[in-house]
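Text of protein19.csv, listed as CSV, C-alpha atoms:
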```
chain,number,residue,atom,x,y,z
W,11,MET,CA,5.5,-16.3,-19.1
W,12,LYS,CA,1.9,-15.7,-18.1
W,13,PHE,CA,0.4,-12.4,-17.2
W,14,TRP,CA,-2.9,-11.5,-15.4
W,15,PHE,CA,-4.2,-7.9,-15.8
W,16,HIS,CA,-6.0,-5.8,-13.2
W,17,ILE,CA,-6.8,-2.3,-14.5
W,18,HIS,CA,-8.4,0.9,-13.3
W,19,PRO,CA,-12.1,0.4,-14.2
W,20,THR,CA,-12.9,3.8,-15.6
W,21,ARG,CA,-9.6,5.1,-17.1
W,22,LEU,CA,-9.5,4.9,-20.9
W,23,GLU,CA,-5.7,5.2,-20.7
W,24,ALA,CA,-5.6,2.0,-18.7
W,25,VAL,CA,-7.4,0.1,-21.4
W,26,SER,CA,-5.0,1.6,-24.1
W,27,LEU,CA,-2.0,0.6,-22.0
W,28,MET,CA,-3.3,-2.9,-21.5
W,29,LYS,CA,-3.7,-3.4,-25.3
W,30,ARG,CA,-0.1,-2.2,-25.8
W,31,ALA,CA,1.1,-4.5,-23.1
W,32,GLU,CA,-0.8,-7.5,-24.6
W,33,ALA,CA,0.7,-6.8,-28.0
W,34,VAL,CA,4.3,-6.8,-26.6
W,35,ILE,CA,3.8,-9.9,-24.5
W,36,SER,CA,2.2,-11.8,-27.3
W,37,SER,CA,5.0,-10.8,-29.8
W,38,LEU,CA,7.6,-12.2,-27.3
W,39,GLY,CA,5.9,-15.5,-26.7
W,40,GLY,CA,4.1,-14.6,-23.5
W,41,GLU,CA,0.4,-15.2,-22.7
W,42,ARG,CA,-2.4,-13.3,-21.0
W,43,VAL,CA,-4.5,-15.4,-18.6
W,44,ASP,CA,-7.9,-14.8,-17.0
W,45,HIS,CA,-7.1,-15.9,-13.4
W,46,PRO,CA,-4.3,-14.7,-11.1
W,47,MET,CA,-3.5,-18.1,-9.9
W,48,ALA,CA,-2.5,-19.2,-13.4
W,49,ALA,CA,-0.2,-16.2,-13.9
W,50,ASP,CA,3.5,-15.6,-13.2
W,51,PHE,CA,3.0,-11.9,-12.9
W,52,THR,CA,0.1,-9.5,-12.1
W,53,CYS,CA,0.0,-6.4,-14.3
W,54,ALA,CA,-1.7,-3.5,-12.4
W,55,ILE,CA,-2.5,-0.6,-14.7
W,56,GLY,CA,-3.7,2.6,-13.0
W,57,GLY,CA,-2.6,4.5,-9.9
W,58,ASP,CA,-1.7,3.5,-6.3
W,59,GLY,CA,-5.3,2.3,-5.6
W,60,THR,CA,-5.2,-0.1,-8.5
W,61,VAL,CA,-1.9,-1.6,-7.4
W,62,ILE,CA,-3.2,-2.0,-3.8
W,63,ALA,CA,-6.4,-3.7,-5.1
W,64,ALA,CA,-4.3,-6.0,-7.3
W,65,SER,CA,-2.2,-7.0,-4.2
W,66,ARG,CA,-5.4,-8.1,-2.5
W,67,LEU,CA,-6.5,-10.3,-5.4
W,68,SER,CA,-3.1,-11.9,-6.2
W,69,ARG,CA,0.1,-12.7,-4.4
W,70,LYS,CA,2.0,-13.0,-7.7
W,71,PRO,CA,4.8,-10.3,-8.3
W,72,ILE,CA,3.2,-7.0,-9.3
W,73,ILE,CA,4.2,-5.1,-12.4
W,74,GLY,CA,2.9,-1.6,-11.7
W,75,ILE,CA,2.1,0.5,-14.8
W,76,ASN,CA,1.1,4.1,-14.3
W,77,ALA,CA,-2.0,5.3,-16.0
W,78,GLY,CA,-1.8,9.1,-15.9
W,79,THR,CA,-1.7,9.7,-12.1
W,80,LEU,CA,0.9,10.8,-9.6
W,81,GLY,CA,1.3,7.1,-8.7
W,82,TYR,CA,4.1,6.3,-6.2
W,83,LEU,CA,3.6,2.5,-6.5
W,84,PRO,CA,3.5,1.9,-10.3
W,85,LYS,CA,7.2,1.8,-11.5
W,86,ILE,CA,6.6,1.7,-15.2
W,87,GLU,CA,5.6,4.9,-17.0
W,88,PRO,CA,3.7,4.7,-20.3
W,89,GLU,CA,6.7,5.9,-22.4
W,90,ASN,CA,8.8,3.0,-21.0
W,91,LEU,CA,6.1,0.3,-21.3
W,92,GLU,CA,7.5,-1.7,-24.2
W,93,GLU,CA,11.1,-1.5,-23.0
W,94,SER,CA,10.2,-2.6,-19.5
W,95,LEU,CA,8.1,-5.6,-20.6
W,96,LEU,CA,10.9,-6.7,-22.9
W,97,ARG,CA,13.3,-6.6,-19.9
W,98,ILE,CA,10.9,-8.7,-17.9
W,99,MET,CA,10.5,-11.3,-20.6
W,100,LYS,CA,14.3,-11.5,-20.8
W,101,GLY,CA,14.6,-12.0,-17.0
W,102,ASP,CA,16.3,-8.6,-16.5
W,103,TYR,CA,14.5,-7.5,-13.4
W,104,THR,CA,14.6,-7.8,-9.6
W,105,LEU,CA,11.9,-8.4,-7.0
W,106,GLU,CA,11.3,-6.1,-4.0
W,107,ASN,CA,9.7,-7.5,-0.9
W,108,ARG,CA,7.3,-5.1,0.8
W,109,MET,CA,6.2,-5.6,4.4
W,110,THR,CA,2.5,-5.6,5.3
W,111,LEU,CA,0.4,-5.3,8.5
W,112,SER,CA,-2.0,-7.7,10.1
W,113,VAL,CA,-5.0,-5.9,11.5
W,114,SER,CA,-7.7,-7.4,13.7
W,115,CYS,CA,-10.4,-6.6,16.2
W,116,ALA,CA,-13.2,-8.5,17.9
W,117,ASN,CA,-15.9,-7.8,15.3
W,118,CYS,CA,-13.7,-7.9,12.2
W,119,PRO,CA,-11.9,-10.8,10.5
W,120,PRO,CA,-8.1,-10.4,10.3
W,121,GLN,CA,-7.1,-8.2,7.4
W,122,THR,CA,-3.8,-7.5,5.6
W,123,ALA,CA,-2.7,-3.9,4.8
W,124,LEU,CA,-0.1,-3.1,2.2
W,125,ASN,CA,-0.5,0.7,2.7
W,126,ASP,CA,-2.0,1.5,6.1
W,127,ALA,CA,-4.6,0.8,8.8
W,128,ALA,CA,-6.4,3.8,10.2
W,129,ILE,CA,-8.9,4.5,13.0
W,130,LEU,CA,-11.1,7.5,12.0
W,131,THR,CA,-14.0,9.5,13.2
W,132,PRO,CA,-17.3,8.4,11.7
W,133,GLY,CA,-18.5,11.9,11.1
W,134,ALA,CA,-18.3,15.4,12.6
W,135,GLY,CA,-16.4,15.7,15.9
W,136,VAL,CA,-13.4,13.9,17.3
W,137,ILE,CA,-12.7,10.4,18.7
W,138,ARG,CA,-10.8,9.4,21.8
W,139,PHE,CA,-8.5,6.4,22.0
W,140,THR,CA,-5.5,5.1,23.8
W,141,VAL,CA,-2.5,3.6,22.0
W,142,ASN,CA,-0.4,0.9,23.6
W,143,VAL,CA,2.9,-0.4,22.1
W,144,ASP,CA,4.2,-3.8,23.3
W,145,GLY,CA,1.9,-3.6,26.3
W,146,VAL,CA,3.1,-0.2,27.4
W,147,LYS,CA,0.8,2.9,27.2
W,148,LEU,CA,2.1,5.3,24.6
W,149,MET,CA,-0.6,8.1,24.7
W,150,ARG,CA,-4.3,8.9,24.9
W,151,TYR,CA,-5.4,10.9,21.9
W,152,THR,CA,-8.3,13.2,21.2
W,153,ALA,CA,-8.1,13.5,17.4
W,154,ASP,CA,-9.8,12.9,14.0
W,155,GLY,CA,-7.9,9.6,13.9
W,156,LEU,CA,-4.7,7.7,13.8
W,157,ILE,CA,-2.8,6.0,10.9
W,158,ALA,CA,-0.5,3.1,11.1
W,159,ALA,CA,1.4,3.0,7.9
W,160,THR,CA,3.9,0.6,6.3
W,161,PRO,CA,6.9,2.1,4.5
W,162,THR,CA,5.0,1.5,1.3
W,163,GLY,CA,2.1,3.5,2.7
W,164,SER,CA,4.2,6.4,4.0
W,165,THR,CA,3.5,8.3,0.7
W,166,GLY,CA,-0.3,7.9,1.1
W,167,TYR,CA,-2.7,9.0,3.8
W,168,SER,CA,0.1,9.2,6.4
W,169,LEU,CA,2.0,11.8,4.2
W,170,SER,CA,-1.1,14.0,3.8
W,171,ALA,CA,-1.6,14.0,7.6
W,172,GLY,CA,2.0,15.2,8.1
W,173,GLY,CA,3.8,11.9,8.4
W,174,PRO,CA,7.4,11.3,7.1
W,175,ILE,CA,8.3,9.7,3.8
W,176,VAL,CA,9.9,6.4,4.4
W,177,ASP,CA,12.0,4.3,1.9
W,178,PRO,CA,9.4,1.6,0.8
W,179,THR,CA,12.0,-1.2,1.0
W,180,SER,CA,12.7,-0.5,4.7
W,181,GLN,CA,11.1,-2.2,7.7
W,182,SER,CA,9.1,0.0,10.1
W,183,ILE,CA,5.6,1.0,11.3
W,184,THR,CA,4.8,4.7,11.3
W,185,LEU,CA,2.0,6.1,13.6
W,186,THR,CA,0.6,9.4,12.5
W,187,PRO,CA,-2.2,11.2,14.3
W,188,VAL,CA,-4.9,12.9,12.2
W,189,ALA,CA,-5.6,16.5,13.4
W,190,PRO,CA,-4.9,15.8,17.1
W,191,HIS,CA,-6.2,18.2,19.7
W,192,THR,CA,-3.0,18.3,21.6
W,193,LEU,CA,0.4,20.0,21.3
W,194,VAL,CA,2.0,16.6,20.8
W,195,ASN,CA,1.2,15.9,17.1
W,196,ARG,CA,4.3,14.2,15.8
W,197,ALA,CA,4.4,10.9,13.9
W,198,ILE,CA,6.3,8.1,15.6
W,199,ILE,CA,8.4,5.5,13.8
W,200,LEU,CA,8.3,2.1,15.4
W,201,SER,CA,10.2,-1.2,15.0
W,202,PRO,CA,8.5,-3.6,12.6
W,203,GLU,CA,8.2,-6.1,15.4
W,204,SER,CA,6.1,-3.7,17.5
W,205,HIS,CA,2.6,-4.8,18.6
W,206,ILE,CA,0.2,-1.9,18.6
W,207,SER,CA,-3.1,-2.0,20.4
W,208,ILE,CA,-5.7,0.8,20.0
W,209,GLU,CA,-8.5,1.0,22.6
W,210,CYS,CA,-11.4,3.1,21.2
W,211,GLU,CA,-13.5,5.1,23.5
W,212,ASN,CA,-16.0,6.1,20.8
W,213,ARG,CA,-17.7,4.4,17.9
W,214,SER,CA,-15.2,4.7,15.1
W,215,ILE,CA,-14.3,3.7,11.5
W,216,LEU,CA,-11.5,1.1,10.9
W,217,SER,CA,-10.0,1.6,7.4
W,218,VAL,CA,-7.6,-1.0,6.1
W,219,ASP,CA,-6.1,0.0,2.7
W,220,GLY,CA,-9.3,2.1,2.2
W,221,ASN,CA,-11.8,-0.7,3.1
W,222,LYS,CA,-13.9,0.7,5.9
W,223,LYS,CA,-15.9,-0.9,8.7
W,224,GLU,CA,-17.6,0.6,11.7
W,225,VAL,CA,-16.3,-0.5,15.1
W,226,ASP,CA,-18.1,-0.2,18.4
W,227,GLU,CA,-17.3,1.9,21.4
W,228,GLY,CA,-14.8,0.0,23.5
W,229,ALA,CA,-13.4,-2.0,20.6
W,230,LYS,CA,-9.7,-2.9,20.7
W,231,ILE,CA,-7.8,-2.9,17.4
W,232,GLU,CA,-4.6,-5.0,17.2
W,233,ILE,CA,-1.9,-4.1,14.6
W,234,ARG,CA,1.3,-5.9,14.0
W,235,ARG,CA,3.6,-7.0,11.2
W,236,SER,CA,2.2,-9.6,9.0
W,237,GLU,CA,4.1,-12.7,7.8
W,238,GLU,CA,2.8,-11.9,4.3
W,239,THR,CA,4.8,-9.8,1.9
W,240,VAL,CA,4.0,-8.3,-1.5
W,241,GLN,CA,6.5,-8.5,-4.3
W,242,PHE,CA,7.1,-5.7,-6.8
W,243,VAL,CA,8.9,-6.0,-10.0
W,244,SER,CA,11.8,-3.6,-10.2
W,245,PHE,CA,14.7,-2.8,-12.5
W,246,GLY,CA,18.0,-2.7,-10.8
W,247,ARG,CA,18.1,-0.2,-8.0
W,248,GLU,CA,16.5,3.0,-9.2
W,249,SER,CA,17.2,5.4,-6.3
W,250,PHE,CA,14.3,6.0,-4.1
W,251,ILE,CA,15.4,9.6,-3.9
W,252,GLU,CA,15.5,9.9,-7.7
W,253,ARG,CA,12.0,8.5,-8.0
W,254,LEU,CA,10.7,10.7,-5.2
W,255,ARG,CA,12.2,13.8,-6.9
W,256,LYS,CA,10.4,13.0,-10.1
W,257,LYS,CA,7.0,12.5,-8.4
W,258,LEU,CA,7.3,15.6,-6.3
W,259,SER,CA,8.8,18.0,-8.8
```

Hey, can you dump this file as structure tokens for me?
Amino acid sequence: MKFWFHIHPTRLEAVSLMKRAEAVISSLGGERVDHPMAADFTCAIGGDGTVIAASRLSRKPIIGINAGTLGYLPKIEPENLEESLLRIMKGDYTLENRMTLSVSCANCPPQTALNDAAILTPGAGVIRFTVNVDGVKLMRYTADGLIAATPTGSTGYSLSAGGPIVDPTSQSITLTPVAPHTLVNRAIILSPESHISIECENRSILSVDGNKKEVDEGAKIEIRRSEETVQFVSFGRESFIERLRKKLS
């Protein structure tokens, strides 16, 4: 088996974990490669941001290794590294398919989001925008922004804005307003087949998995389910609730 590594650039623990992983892989007849296309797996060592960055660089199954952060996405903790890699080399693992979002607007090339797409205020003050779902007006918002999150992204920015936690293997799109200036401030969970259109009345920031670009007044942002999926290496069926309890306790 061949492994490509993508690690957090500034965490010393990530470098240490990579060396441990290389030693295990080599001892079991595996190989580290320098290009993701030549690999069977992508080893992402860091936190959630590192895993998301790795998913943009490679479509090979992701082995998430946590490097000292809260980390909802990495499934392997440092104390279980050697045992987990041994199981992978023996073929004792499963693959989870995670849905992604396709995000586009007139001045932006189409982008894929594993976590979320958000329309945000570019500075002080609020922005105004209208959200349509499947061609039907949902609501006109005055707010700091709006987040459209995948189930994987429900534990990210959407959660901090008051959105629900969603099982990452489920299929849905969650719309969560950011500091809305209205009494209606609830998140809305939509079908994965929903087509979301956001009409911006002000100059705004479009953030796709943290990659930000300014969009002009009057821009229309289109969000829908992408045909692309991201695969995560998993071990059996660790209960989502069990993992959530460990991270939140």

Using only C-alpha atoms, the best pick from W:Arg66, W:Lys147, W:Arg21, W:Arg213 as closest to Asn125 (chain W) would be W:Arg66

Within 6 Å of Phe242 (chain W), counting only C-alpha atoms, which residues show up once you throw out same-chain ones fewer than 2 positions away? Write them as a list in words, please.
->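 Once the adjacent positions are removed, what remains is Pro71, Ile72, Leu105 and Glu106 of chain W.
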
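CA of Asp177 (chain W) is found 6.6 Å from CA of Phe250 (chain W).
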
Hey, which bits of region 178-249 of chain W sit within 9 Å of region 86-99 of chain W, and for each residue what's the closest pair of atoms and how far apart in Å (one decimal), counting only C-alpha atoms, rows by chain and increasing number, as JSON lines?
```
{"residue": "W:Val243", "atom": "CA", "partner": "W:Ile98", "partner_atom": "CA", "distance": 8.6}
{"residue": "W:Ser244", "atom": "CA", "partner": "W:Ile86", "partner_atom": "CA", "distance": 9.0}
{"residue": "W:Phe245", "atom": "CA", "partner": "W:Ser94", "partner_atom": "CA", "distance": 8.3}
```

Identify which of the residues W:Ser37, W:Gln121, W:Ser68, W:Ser217 lies closest to Thr52 (chain W), counting all atoms listed in the file when measuring atom-to-atom distances.
-> W:Ser68

Would you work out the distance separating CA of Leu80 (chain W) from CA of Trp14 (chain W), expressed in Å to one decimal?
->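 Computed distance, CA of Leu80 (chain W) to CA of Trp14 (chain W), equals 23.4 Å.
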
Nearby residues (all atoms listed in the file) at most 12 Å from Ser36 (chain W), same-chain spacing under 3 positions excluded, as a PyMOL selection string | chain W and resi 11-13+28-33+39-43+92+95-96+99

Neighbourhood query: residues within 12 Å of (2.1, 11.5, 9.5), file coordinates, counting only C-alpha atoms; return as a ChimeraX atom specification.
-> /W:126,128,155-161,163-176,183-190,195-199

C-alpha atoms of the current selection, written as a PDB file, keeping the file's coordinate frame:
```pdb
ATOM      1  CA  ASP W 126      -2.000   1.500   6.100  1.00  0.00           C
ATOM      2  CA  ALA W 128      -6.400   3.800  10.200  1.00  0.00           C
ATOM      3  CA  GLY W 155      -7.900   9.600  13.900  1.00  0.00           C
ATOM      4  CA  LEU W 156      -4.700   7.700  13.800  1.00  0.00           C
ATOM      5  CA  ILE W 157      -2.800   6.000  10.900  1.00  0.00           C
ATOM      6  CA  ALA W 158      -0.500   3.100  11.100  1.00  0.00           C
ATOM      7  CA  ALA W 159       1.400   3.000   7.900  1.00  0.00           C
ATOM      8  CA  THR W 160       3.900   0.600   6.300  1.00  0.00           C
ATOM      9  CA  PRO W 161       6.900   2.100   4.500  1.00  0.00           C
ATOM     10  CA  GLY W 163       2.100   3.500   2.700  1.00  0.00           C
ATOM     11  CA  SER W 164       4.200   6.400   4.000  1.00  0.00           C
ATOM     12  CA  THR W 165       3.500   8.300   0.700  1.00  0.00           C
ATOM     13  CA  GLY W 166      -0.300   7.900   1.100  1.00  0.00           C
ATOM     14  CA  TYR W 167      -2.700   9.000   3.800  1.00  0.00           C
ATOM     15  CA  SER W 168       0.100   9.200   6.400  1.00  0.00           C
ATOM     16  CA  LEU W 169       2.000  11.800   4.200  1.00  0.00           C
ATOM     17  CA  SER W 170      -1.100  14.000   3.800  1.00  0.00           C
ATOM     18  CA  ALA W 171      -1.600  14.000   7.600  1.00  0.00           C
ATOM     19  CA  GLY W 172       2.000  15.200   8.100  1.00  0.00           C
ATOM     20  CA  GLY W 173       3.800  11.900   8.400  1.00  0.00           C
ATOM     21  CA  PRO W 174       7.400  11.300   7.100  1.00  0.00           C
ATOM     22  CA  ILE W 175       8.300   9.700   3.800  1.00  0.00           C
ATOM     23  CA  VAL W 176       9.900   6.400   4.400  1.00  0.00           C
ATOM     24  CA  ILE W 183       5.600   1.000  11.300  1.00  0.00           C
ATOM     25  CA  THR W 184       4.800   4.700  11.300  1.00  0.00           C
ATOM     26  CA  LEU W 185       2.000   6.100  13.600  1.00  0.00           C
ATOM     27  CA  THR W 186       0.600   9.400  12.500  1.00  0.00           C
ATOM     28  CA  PRO W 187      -2.200  11.200  14.300  1.00  0.00           C
ATOM     29  CA  VAL W 188      -4.900  12.900  12.200  1.00  0.00           C
ATOM     30  CA  ALA W 189      -5.600  16.500  13.400  1.00  0.00           C
ATOM     31  CA  PRO W 190      -4.900  15.800  17.100  1.00  0.00           C
ATOM     32  CA  ASN W 195       1.200  15.900  17.100  1.00  0.00           C
ATOM     33  CA  ARG W 196       4.300  14.200  15.800  1.00  0.00           C
ATOM     34  CA  ALA W 197       4.400  10.900  13.900  1.00  0.00           C
ATOM     35  CA  ILE W 198       6.300   8.100  15.600  1.00  0.00           C
ATOM     36  CA  ILE W 199       8.400   5.500  13.800  1.00  0.00           C
TER      37      ILE W 199
END
```

Residue among W:Ser182, W:Thr162, W:Ser236, W:Thr140 lying closest to Glu209 (chain W), counting only C-alpha atoms |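 So, comparing all the options, the nearest one is W:Thr140.
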
Can you tell me, as a list of chain:residue names, which residues sit within 8 Å of (7.8, -1.4, 17.0) in the file's frame, using only C-alpha atoms?
-> W:Val143, W:Asp144, W:Ser182, W:Ile183, W:Ile199, W:Leu200, W:Ser201, W:Pro202, W:Glu203, W:Ser204, W:His205, W:Ile206

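Checking W:Lys256, W:Cys115, W:Pro19, W:Arg234 one by one against Cys210 (chain W), counting all atoms listed in the file, you find the shortest gap at W:Cys115.
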
How many Å lie between CA of Ala123 (chain W) and CA of Thr104 (chain W), rounded to one decimal?
->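 Between CA of Ala123 (chain W) and CA of Thr104 (chain W) the gap works out to 22.8 Å.
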